[in-house]
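> My structure file protein16.tsv, TSV, C-alpha atoms, is below:
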chain	number	residue	atom	x	y	z
A	1	MET	CA	-2.07	-326.80	-102.01
A	2	ALA	CA	0.41	-324.50	-103.75
A	3	SER	CA	3.84	-325.88	-104.52
A	4	SER	CA	7.04	-323.83	-104.42
A	5	LYS	CA	10.31	-324.46	-106.25
A	6	LEU	CA	13.29	-324.09	-103.94
A	7	GLU	CA	16.58	-323.92	-105.83
A	8	TYR	CA	19.25	-325.10	-103.38
A	9	ILE	CA	22.60	-323.56	-104.43
A	10	TRP	CA	26.02	-324.58	-103.14
A	11	LEU	CA	29.74	-324.56	-103.95
A	12	ASP	CA	31.43	-327.77	-105.03
A	13	GLY	CA	34.87	-329.04	-104.07
A	14	TYR	CA	36.71	-328.37	-107.31
A	15	LYS	CA	40.15	-326.74	-107.10
A	16	PRO	CA	41.53	-324.16	-107.60
A	17	ILE	CA	38.18	-322.57	-108.55
A	18	GLN	CA	34.97	-323.86	-106.99
A	19	SER	CA	31.91	-324.08	-109.21
A	20	LEU	CA	28.26	-323.43	-108.43
A	21	ARG	CA	25.87	-326.36	-108.21
A	22	SER	CA	22.11	-326.38	-107.69
A	23	LYS	CA	19.06	-328.60	-107.62
A	24	THR	CA	15.35	-328.02	-107.13
A	25	LYS	CA	13.30	-329.10	-104.13
A	26	ILE	CA	9.49	-328.92	-104.31
A	27	GLU	CA	7.78	-327.85	-101.07
A	28	LYS	CA	4.02	-327.54	-100.56
A	29	ASP	CA	2.60	-324.52	-98.75
A	30	PHE	CA	6.07	-323.08	-98.27
A	31	SER	CA	6.19	-319.95	-96.08
A	32	GLY	CA	9.08	-318.30	-97.92
A	33	LYS	CA	11.08	-318.16	-94.69
A	34	LEU	CA	14.62	-319.45	-94.28
A	35	GLU	CA	13.77	-321.35	-91.09
A	36	ASP	CA	11.26	-323.44	-93.03
A	37	CYS	CA	13.85	-324.63	-95.56
A	38	PRO	CA	14.81	-328.18	-94.54
A	39	VAL	CA	18.36	-329.49	-94.55
A	40	TRP	CA	18.86	-331.53	-97.71
A	41	SER	CA	21.52	-333.88	-99.02
A	42	PHE	CA	23.43	-334.48	-102.26
A	43	ASP	CA	25.95	-336.87	-103.77
A	44	GLY	CA	29.31	-335.44	-102.79
A	45	SER	CA	31.17	-338.04	-104.84
A	46	SER	CA	30.00	-336.22	-107.98
A	47	THR	CA	31.25	-332.82	-106.77
A	48	GLU	CA	34.71	-333.69	-105.40
A	49	GLN	CA	33.36	-333.45	-101.83
A	50	ALA	CA	33.07	-337.09	-100.72
A	51	PRO	CA	34.26	-340.60	-101.65
A	52	GLY	CA	31.87	-342.90	-103.49
A	53	GLY	CA	31.59	-345.31	-100.56
A	54	SER	CA	30.30	-342.60	-98.24
A	55	SER	CA	28.98	-339.94	-100.54
A	56	ASP	CA	26.28	-338.05	-98.63
A	57	CYS	CA	26.90	-334.37	-97.93
A	58	LEU	CA	24.39	-332.02	-96.34
A	59	LEU	CA	23.00	-328.69	-97.56
A	60	LYS	CA	22.30	-326.24	-94.76
A	61	PRO	CA	20.15	-323.30	-96.00
A	62	VAL	CA	21.63	-319.96	-94.88
A	63	TYR	CA	20.08	-317.29	-97.12
A	64	ILE	CA	16.91	-317.08	-99.23
A	65	VAL	CA	15.52	-314.67	-101.82
A	66	PRO	CA	12.65	-314.91	-104.33
A	67	ASP	CA	13.52	-316.35	-107.73
A	68	PRO	CA	12.14	-313.83	-110.26
A	69	GLN	CA	12.62	-316.22	-113.17
A	70	ARG	CA	10.46	-319.06	-111.87
A	71	LYS	CA	6.84	-319.22	-110.83
A	72	ASN	CA	6.61	-319.73	-107.06
A	73	GLY	CA	10.39	-319.93	-106.97
A	74	PHE	CA	13.05	-319.22	-104.35
A	75	LEU	CA	16.85	-319.19	-104.44
A	76	VAL	CA	18.34	-320.83	-101.35
A	77	MET	CA	22.06	-320.37	-100.71
A	78	CYS	CA	23.47	-323.25	-98.71
A	79	GLU	CA	26.55	-324.17	-96.73
A	80	VAL	CA	27.95	-327.65	-97.32
A	81	LEU	CA	28.26	-329.86	-94.25
A	82	SER	CA	29.84	-333.29	-93.96
A	83	SER	CA	27.54	-336.17	-93.09
A	84	ASP	CA	28.28	-335.70	-89.37
A	85	GLY	CA	27.02	-332.11	-89.50
A	86	SER	CA	30.42	-330.42	-89.31
A	87	ALA	CA	31.48	-327.77	-91.81
A	88	HIS	CA	32.93	-329.35	-94.95
A	89	PRO	CA	36.54	-328.36	-95.82
A	90	SER	CA	35.20	-326.64	-98.97
A	91	ASN	CA	32.86	-324.46	-96.87
A	92	GLY	CA	34.42	-320.99	-96.84
A	93	ARG	CA	31.40	-319.35	-95.24
A	94	ALA	CA	31.95	-321.26	-92.02
A	95	LEU	CA	35.33	-319.53	-91.63
A	96	ILE	CA	33.81	-316.06	-91.19
A	97	GLU	CA	34.02	-314.74	-87.62
A	98	ASP	CA	31.51	-311.89	-87.84
A	99	ASP	CA	28.51	-313.00	-85.82
A	100	ASP	CA	27.46	-309.44	-84.93
A	101	ASN	CA	27.59	-308.10	-88.54
A	102	ASP	CA	30.05	-305.41	-87.46
A	103	PHE	CA	31.82	-305.78	-90.80
A	104	TRP	CA	30.30	-304.32	-93.94
A	105	PHE	CA	31.50	-305.39	-97.39
A	106	GLY	CA	31.09	-304.00	-100.88
A	107	PHE	CA	32.42	-306.31	-103.60
A	108	GLU	CA	33.16	-305.08	-107.14
A	109	GLN	CA	32.70	-308.21	-109.25
A	110	GLU	CA	34.31	-308.11	-112.71
A	111	TYR	CA	33.86	-310.83	-115.32
A	112	PHE	CA	34.08	-311.55	-119.05
A	113	LEU	CA	31.14	-312.57	-121.21
A	114	TRP	CA	32.61	-315.45	-123.18
A	115	ASN	CA	31.85	-316.78	-126.66
A	116	THR	CA	31.87	-320.57	-126.26
A	117	GLU	CA	32.43	-321.15	-130.00
A	118	THR	CA	35.46	-318.88	-130.48
A	119	ASP	CA	36.75	-319.31	-126.90
A	120	LYS	CA	37.25	-315.55	-126.68
A	121	PRO	CA	35.34	-312.68	-125.12
A	122	ILE	CA	32.28	-311.53	-127.02
A	123	GLY	CA	33.20	-308.59	-129.23
A	124	PHE	CA	36.47	-310.16	-130.35
A	125	PRO	CA	36.54	-310.48	-134.17
A	126	GLU	CA	37.18	-313.91	-135.63
A	127	GLY	CA	40.84	-314.57	-136.20
A	128	GLY	CA	42.09	-311.41	-134.53
A	129	TYR	CA	41.83	-308.82	-131.83
A	130	PRO	CA	39.76	-305.69	-131.34
A	131	ARG	CA	41.25	-302.23	-130.92
A	132	PRO	CA	43.41	-301.79	-127.80
A	133	GLN	CA	41.61	-301.16	-124.52
A	134	GLY	CA	40.49	-297.64	-123.87
A	135	PRO	CA	37.15	-297.04	-125.60
A	136	TYR	CA	35.32	-299.90	-123.85
A	137	TYR	CA	35.23	-298.69	-120.23
A	138	CYS	CA	31.75	-297.33	-119.38
A	139	SER	CA	31.13	-297.25	-123.13
A	140	VAL	CA	28.03	-296.99	-125.28
A	141	GLY	CA	27.53	-297.96	-128.91
A	142	ALA	CA	27.81	-301.13	-130.97
A	143	LYS	CA	31.53	-300.59	-131.66
A	144	ASN	CA	32.44	-300.59	-128.00
A	145	ALA	CA	29.79	-302.22	-125.79
A	146	PHE	CA	28.98	-305.92	-126.16
A	147	GLY	CA	26.39	-308.01	-124.34
A	148	ARG	CA	24.35	-305.17	-122.85
A	149	ASP	CA	21.01	-307.02	-123.23
A	150	MET	CA	22.24	-309.87	-121.08
A	151	VAL	CA	23.84	-307.55	-118.53
A	152	GLU	CA	20.66	-305.47	-118.21
A	153	GLU	CA	18.54	-308.59	-117.75
A	154	HIS	CA	20.87	-309.76	-115.01
A	155	LEU	CA	20.60	-306.40	-113.25
A	156	ASP	CA	16.81	-306.45	-113.35
A	157	VAL	CA	16.61	-310.02	-112.07
A	158	CYS	CA	19.04	-309.30	-109.21
A	159	LEU	CA	17.02	-306.27	-108.13
A	160	GLU	CA	13.75	-308.21	-108.34
A	161	ALA	CA	15.30	-310.88	-106.13
A	162	GLY	CA	16.10	-308.23	-103.55
A	163	LEU	CA	19.89	-308.32	-103.95
A	164	ASN	CA	21.56	-305.05	-103.03
A	165	VAL	CA	23.24	-304.31	-106.37
A	166	GLU	CA	24.62	-300.80	-106.23
A	167	GLY	CA	25.66	-300.44	-109.86
A	168	ILE	CA	26.96	-301.94	-113.08
A	169	ASN	CA	29.33	-300.77	-115.81
A	170	ALA	CA	31.20	-301.93	-118.86
A	171	GLU	CA	34.84	-302.52	-117.96
A	172	VAL	CA	38.20	-301.75	-119.56
A	173	ALA	CA	38.47	-304.76	-121.86
A	174	THR	CA	36.21	-305.87	-124.69
A	175	GLY	CA	33.33	-308.00	-123.38
A	176	GLN	CA	34.24	-307.27	-119.75
A	177	TRP	CA	31.63	-306.01	-117.26
A	178	GLU	CA	31.21	-305.41	-113.55
A	179	PHE	CA	28.50	-305.34	-110.91
A	180	GLN	CA	28.81	-304.11	-107.34
A	181	ILE	CA	27.02	-305.50	-104.28
A	182	PHE	CA	27.04	-304.14	-100.73
A	183	ALA	CA	25.79	-305.79	-97.56
A	184	LYS	CA	26.03	-305.27	-93.82
A	185	GLY	CA	27.53	-308.49	-92.54
A	186	ALA	CA	30.38	-310.44	-94.13
A	187	LYS	CA	28.33	-313.61	-94.57
A	188	GLU	CA	25.42	-311.88	-96.30
A	189	ALA	CA	27.80	-310.05	-98.63
A	190	GLY	CA	29.16	-313.41	-99.75
A	191	ASP	CA	25.66	-314.89	-100.02
A	192	GLN	CA	24.54	-312.07	-102.29
A	193	ILE	CA	27.60	-312.24	-104.54
A	194	TRP	CA	27.19	-315.99	-105.01
A	195	ILE	CA	23.49	-315.73	-105.83
A	196	ALA	CA	24.25	-312.92	-108.30
A	197	ARG	CA	26.93	-315.09	-109.91
A	198	TYR	CA	24.46	-317.97	-110.09
A	199	LEU	CA	21.84	-315.80	-111.80
A	200	LEU	CA	24.40	-314.51	-114.30
A	201	GLU	CA	25.46	-318.05	-115.20
A	202	ARG	CA	21.84	-319.16	-115.59
A	203	ILE	CA	20.87	-316.19	-117.76
A	204	GLY	CA	23.89	-316.92	-119.94
A	205	GLU	CA	22.38	-320.30	-120.80
A	206	LYS	CA	19.60	-318.53	-122.67
A	207	TYR	CA	22.02	-316.34	-124.61
A	208	GLY	CA	24.53	-319.10	-125.31
A	209	ILE	CA	27.18	-317.06	-123.49
A	210	SER	CA	29.30	-318.41	-120.66
A	211	ILE	CA	30.89	-316.40	-117.86
A	212	ASN	CA	34.65	-316.41	-117.57
A	213	TRP	CA	35.61	-315.67	-113.97
A	214	GLU	CA	39.36	-316.19	-114.52
A	215	CYS	CA	41.45	-313.23	-113.45
A	216	LYS	CA	43.55	-313.06	-116.62
A	217	PRO	CA	41.78	-315.11	-119.31
A	218	LEU	CA	43.65	-313.36	-122.14
A	219	GLY	CA	47.04	-314.21	-120.69
A	220	ALA	CA	49.92	-311.76	-120.70
A	221	LEU	CA	48.46	-309.59	-123.44
A	222	ASP	CA	47.96	-305.88	-122.77
A	223	TRP	CA	44.43	-306.21	-121.41
A	224	ASN	CA	43.28	-305.56	-117.86
A	225	GLY	CA	42.55	-308.59	-115.75
A	226	SER	CA	39.38	-309.13	-113.73
A	227	GLY	CA	39.23	-308.30	-110.05
A	228	MET	CA	36.78	-308.45	-107.19
A	229	HIS	CA	37.90	-305.45	-105.17
A	230	ALA	CA	36.78	-305.80	-101.55
A	231	ASN	CA	35.61	-302.60	-99.88
A	232	PHE	CA	35.27	-303.18	-96.15
A	233	SER	CA	34.68	-301.40	-92.88
A	234	ASN	CA	33.95	-302.10	-89.24
A	235	HIS	CA	32.79	-299.82	-86.43
A	236	THR	CA	36.35	-298.64	-85.82
A	237	LEU	CA	36.94	-297.57	-89.42
A	238	ARG	CA	33.52	-295.97	-89.67
A	239	THR	CA	33.94	-293.83	-86.55
A	240	CYS	CA	37.61	-293.39	-85.58
A	241	GLY	CA	38.36	-290.03	-87.21
A	242	SER	CA	42.05	-290.89	-87.17
A	243	ARG	CA	44.66	-291.30	-89.87
A	244	GLU	CA	46.80	-293.24	-87.39
A	245	THR	CA	44.04	-295.81	-86.87
A	246	PHE	CA	43.58	-296.28	-90.62
A	247	GLU	CA	47.32	-296.81	-91.03
A	248	GLN	CA	47.50	-299.20	-88.06
A	249	ILE	CA	44.77	-301.34	-89.62
A	250	CYS	CA	46.51	-301.25	-93.00
A	251	GLU	CA	49.79	-302.28	-91.37
A	252	ALA	CA	48.10	-305.37	-89.90
A	253	PHE	CA	47.90	-306.69	-93.49
A	254	ARG	CA	51.65	-306.41	-94.15
A	255	PRO	CA	52.86	-309.56	-92.28
A	256	VAL	CA	50.11	-311.78	-93.73
A	257	ILE	CA	50.52	-311.15	-97.47
A	258	LYS	CA	50.78	-314.87	-98.25
A	259	GLU	CA	47.71	-315.77	-96.18
A	260	HIS	CA	45.62	-313.24	-98.11
A	261	ILE	CA	46.95	-314.16	-101.54
A	262	ALA	CA	46.20	-317.82	-100.78
A	263	VAL	CA	42.45	-317.06	-100.77
A	264	TYR	CA	42.36	-314.13	-103.20
A	265	GLY	CA	41.81	-316.25	-106.30
A	266	ALA	CA	43.68	-318.66	-108.54
A	267	ASP	CA	46.52	-317.45	-110.80
A	268	ASN	CA	46.61	-314.01	-109.20
A	269	HIS	CA	50.31	-313.77	-110.10
A	270	LEU	CA	49.17	-313.25	-113.70
A	271	ARG	CA	47.06	-310.25	-112.66
A	272	LEU	CA	49.00	-308.65	-109.81
A	273	THR	CA	52.00	-307.56	-111.85
A	274	GLY	CA	52.30	-303.91	-110.87
A	275	LYS	CA	50.71	-302.97	-114.19
A	276	HIS	CA	47.08	-302.41	-115.21
A	277	GLU	CA	46.10	-300.69	-111.95
A	278	THR	CA	47.52	-303.39	-109.66
A	279	ALA	CA	50.26	-303.71	-107.08
A	280	SER	CA	52.81	-306.49	-107.46
A	281	ILE	CA	51.78	-309.75	-105.79
A	282	ASP	CA	54.97	-309.85	-103.68
A	283	GLU	CA	54.77	-306.37	-102.21
A	284	PHE	CA	52.35	-304.58	-99.91
A	285	LYS	CA	51.60	-300.89	-100.02
A	286	TYR	CA	48.70	-298.61	-99.26
A	287	GLY	CA	47.86	-295.02	-100.00
A	288	VAL	CA	45.14	-292.45	-100.45
A	289	SER	CA	43.43	-292.77	-103.85
A	290	ASP	CA	46.23	-295.06	-105.10
A	291	ARG	CA	44.83	-297.59	-107.58
A	292	GLY	CA	48.25	-299.18	-107.85
A	293	ALA	CA	48.27	-299.98	-104.13
A	294	SER	CA	47.42	-303.26	-102.41
A	295	ILE	CA	44.95	-301.37	-100.23
A	296	ARG	CA	43.51	-298.04	-101.34
A	297	ILE	CA	42.37	-295.50	-98.76
A	298	PRO	CA	39.41	-293.84	-100.50
A	299	ILE	CA	39.51	-290.06	-100.69
A	300	GLY	CA	35.91	-290.09	-99.48
A	301	ALA	CA	37.03	-291.50	-96.11
A	302	VAL	CA	39.70	-288.80	-95.79
A	303	GLU	CA	37.26	-286.04	-96.65
A	304	LYS	CA	34.92	-287.29	-93.91
A	305	GLY	CA	37.69	-286.80	-91.38
A	306	TRP	CA	39.19	-290.28	-91.62
A	307	LYS	CA	35.91	-292.12	-91.18
A	308	GLY	CA	34.79	-294.75	-93.67
A	309	TRP	CA	36.27	-297.81	-95.29
A	310	LEU	CA	39.24	-299.40	-97.04
A	311	GLU	CA	39.52	-301.13	-100.41
A	312	ASP	CA	41.64	-304.25	-100.81
A	313	ARG	CA	42.35	-304.34	-104.54
A	314	ARG	CA	44.05	-307.72	-104.58
A	315	PRO	CA	41.13	-310.23	-104.63
A	316	ASN	CA	40.47	-311.42	-108.15
A	317	SER	CA	37.27	-312.20	-110.01
A	318	ALA	CA	37.41	-315.94	-109.33
A	319	ALA	CA	37.96	-315.62	-105.57
A	320	ASP	CA	35.41	-316.96	-103.09
A	321	PRO	CA	33.95	-313.86	-101.37
A	322	TYR	CA	33.39	-315.92	-98.22
A	323	LYS	CA	37.09	-316.77	-97.92
A	324	VAL	CA	38.12	-313.21	-98.83
A	325	ALA	CA	35.84	-311.75	-96.17
A	326	ALA	CA	36.93	-314.31	-93.56
A	327	ARG	CA	40.60	-313.44	-94.05
A	328	ILE	CA	39.99	-309.67	-94.00
A	329	VAL	CA	37.90	-309.92	-90.83
A	330	LYS	CA	40.63	-311.96	-89.14
A	331	THR	CA	43.37	-309.52	-90.10
A	332	VAL	CA	41.44	-306.39	-89.12
A	333	LYS	CA	40.63	-307.95	-85.74
A	334	SER	CA	44.36	-308.61	-85.23
A	335	ALA	CA	45.29	-304.94	-85.70
A	336	VAL	CA	46.79	-303.21	-82.68
A	337	VAL	CA	44.88	-299.93	-82.61
A	338	THR	CA	45.94	-297.20	-80.18
A	339	GLU	CA	43.60	-294.53	-78.86
A	340	PRO	CA	42.98	-292.27	-81.89
A	341	LYS	CA	43.75	-288.61	-82.00
A	342	VAL	CA	40.67	-286.93	-83.45
A	343	ALA	CA	41.53	-285.34	-86.78
A	344	THR	CA	40.16	-281.93	-87.62
A	345	LYS	CA	38.77	-281.29	-91.07
A	346	GLU	CA	41.71	-278.97	-91.75
A	347	ALA	CA	44.22	-281.64	-90.74
A	348	ALA	CA	42.47	-284.28	-92.82
A	349	ALA	CA	42.52	-281.99	-95.85
A	350	ALA	CA	46.23	-281.30	-95.36
A	351	LEU	CA	47.06	-285.00	-95.18
A	352	ALA	CA	45.06	-285.97	-98.26
In structure tokens, write the structure found in this file.

Amino acid sequence: MASSKLEYIWLDGYKPIQSLRSKTKIEKDFSGKLEDCPVWSFDGSSTEQAPGGSSDCLLKPVYIVPDPQRKNGFLVMCEVLSSDGSAHPSNGRALIEDDDNDFWFGFEQEYFLWNTETDKPIGFPEGGYPRPQGPYYCSVGAKNAFGRDMVEEHLDVCLEAGLNVEGINAEVATGQWEFQIFAKGAKEAGDQIWIARYLLERIGEKYGISINWECKPLGALDWNGSGMHANFSNHTLRTCGSRETFEQICEAFRPVIKEHIAVYGADNHLRLTGKHETASIDEFKYGVSDRGASIRIPIGAVEKGWKGWLEDRRPNSAADPYKVAARIVKTVKSAVVTEPKVATKEAAAALA
């Protein structure tokens, strides 16, 4: 009888940034199907999710992909439930109200590859700083690009696992990179981002490089922070053909700035300063092709006659994609959308 290694992955209860946890379950003659993954338990007292006197928490499998790095292996993303079977307070996935997968999400996940010995990004010289940012974005060459071997391995492993990675690139700061993942369905988008983060962390063990998810790990210095821009759409955005509808949906975000910032990642005030391609944390604005806006209306959506998606640029690299998606879904659903006036191509071009 063949044995399979099921790596159960979950989010702990640490604040303000939750960490990934995992443990291996051996199953004989496993079908590879999600419905055949049993509910499992773990010691929540060791993960800030339960008191010692009543420490059992449950792992409910919600998404599964092959594990390319292990023989007969699978990666099983799990929701955390309390011992009574209810969603644990740390469970952001349970907040998502998108049962029909009407919402599509594309997350742009930035991060720093971090030298654990120097406590700086890889590529930083000992006792100093590299040249100012500029030559590193989408760069090539040993003077500008650092950690490519690890980044390429991560890309290959994600693709072998079946994750829908749509691209990677070196980012603006030294040792900073990005990958992008798209999925139809808010929950699956979060599942895929978390599994990709898990794989990146695990590959880093081999290279002796950690991943710094903090949004501004270099402090107030003149280096870009790390974001996790959330591109999103629903049926209305994909089909409306109306500038008014796009603006009505954007306006729904204005009265709930604080509710969004609360789940858009720790220390976002350090990143959302109005500089380095960000809007200020206290203001809300949107515009076509505006990278300094809270929400950018992509020119591609305008060129298609106001059909497409929006990009919320405020979520940072350490944010939980489940909580980000849940809040965006809630706000978009709250928008008061009037019957759209169909925009002609000429009108769309004139408004761009």
> Env of range 22-27 of chain A: 7 Å cut, atoms = all atoms listed in the file, seq-sep filter 5 positions within chain, self excluded. Answer as a PyMOL selection string.
chain A and resi 3-10
> Neighbours of Asp98 in chain A within 9 Å (all atoms listed in the file; same-chain residues fewer than 4 positions away dropped), as number ranges by chain?
A: 102-103, 185-187, 326, 329
> Given all atoms listed in the file as the basis, pick out the residue of A:Ser139, A:Gln192, A:Gln248, A:Gln49 nearest to Asn169 in chain A.
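The closest residue to Asn169 in chain A is A:Ser139.
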> Skip Cys240 in chain A itself and residues of its chain fewer than 2 positions away, then list as an MDAnalysis selection string all residues within 12 Å of it, counting all atoms listed in the file.
chainID A and resid 233:238 242:249 301:302 304:309 337:344
> Please report, as a Markdown table, each residue of range 234-334 of chain A lying at most 7 Å from range 89-96 of chain A, together with the nearest pair of atoms and the separation in Å rounded to one decimal; use all atoms listed in the file, and order rows by chain and ascending residue number.

| residue | atom | partner | partner_atom | distance |
| --- | --- | --- | --- | --- |
| A:Tyr322 | CA | A:Arg93 | CA | 5.0 |
| A:Lys323 | CA | A:Gly92 | CA | 5.1 |
| A:Ala325 | CA | A:Ile96 | CA | 6.9 |
| A:Ala326 | CA | A:Ile96 | CA | 4.3 |
> Leaving out Gly204 in chain A and any residue of its chain fewer than 4 positions from it, which residues lie within 12 Å of it when counting all atoms listed in the file, given as an MDAnalysis selection string?
chainID A and resid 112:116 147 149:151 153:154 197:200 208:212
> Measuring atom to atom with all atoms listed in the file, identify which of A:Ala87, A:Ala318, A:Ala279, A:Ala262 is nearest to Leu20 in chain A.
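Comparing A:Ala87, A:Ala318, A:Ala279, A:Ala262 against Leu20 in chain A, the winner is A:Ala318.
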> Around (43.4, -302.9, -120.8) in the file's frame, which residues reach within 10 Å when counting only C-alpha atoms? Return as a list in words?
Pro132, Gln133, Gly134, Pro135, Tyr136, Tyr137, Glu171, Val172, Ala173, Thr174, Leu221, Asp222, Trp223, Asn224, Gly225, Lys275, His276 and Glu277 of chain A
> In terms of the shortest atom-to-atom distance over all atoms listed in the file, which of A:Leu163, A:Cys57, A:Ala142, A:Val157 is closest to Gly190 in chain A?
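Checking each of A:Leu163, A:Cys57, A:Ala142, A:Val157 against Gly190 in chain A, counting all atoms listed in the file, the winner is A:Leu163.
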> What's the 8 Å shell around Phe42 in chain A, counting all atoms listed in the file, without same-chain residues fewer than 4 positions away, as number ranges by chain?
A: 55-59
> Could you work out an axis-aligned box for range 6-18 of chain A, taking every atom the file lists and adding 5 Å on each side, and report centre and edge lengths in Å to one decimal, as JSON?

{"center_x": 27.4, "center_y": -325.8, "center_z": -105.8, "size_x": 38.2, "size_y": 16.5, "size_z": 15.4}
> So what do you get for CA of Lys216 in chain A versus CA of Lys120 in chain A, distance-wise?
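One can read the CA of Lys216 in chain A to CA of Lys120 in chain A distance as 12.1 Å.
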> For a quick check of understanding, using all atoms listed in the file, which of A:Glu160, A:Glu97, A:Asp191, A:Glu205 has the smallest distance to Asp320 in chain A?
A:Asp191
> Pick the closest to Ile295 in chain A from A:Ile193, A:Val39, A:Ile257, A:Val65: which is it, counting all atoms listed in the file?
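Answer, going by the shortest atom-to-atom distance: A:Ile257.
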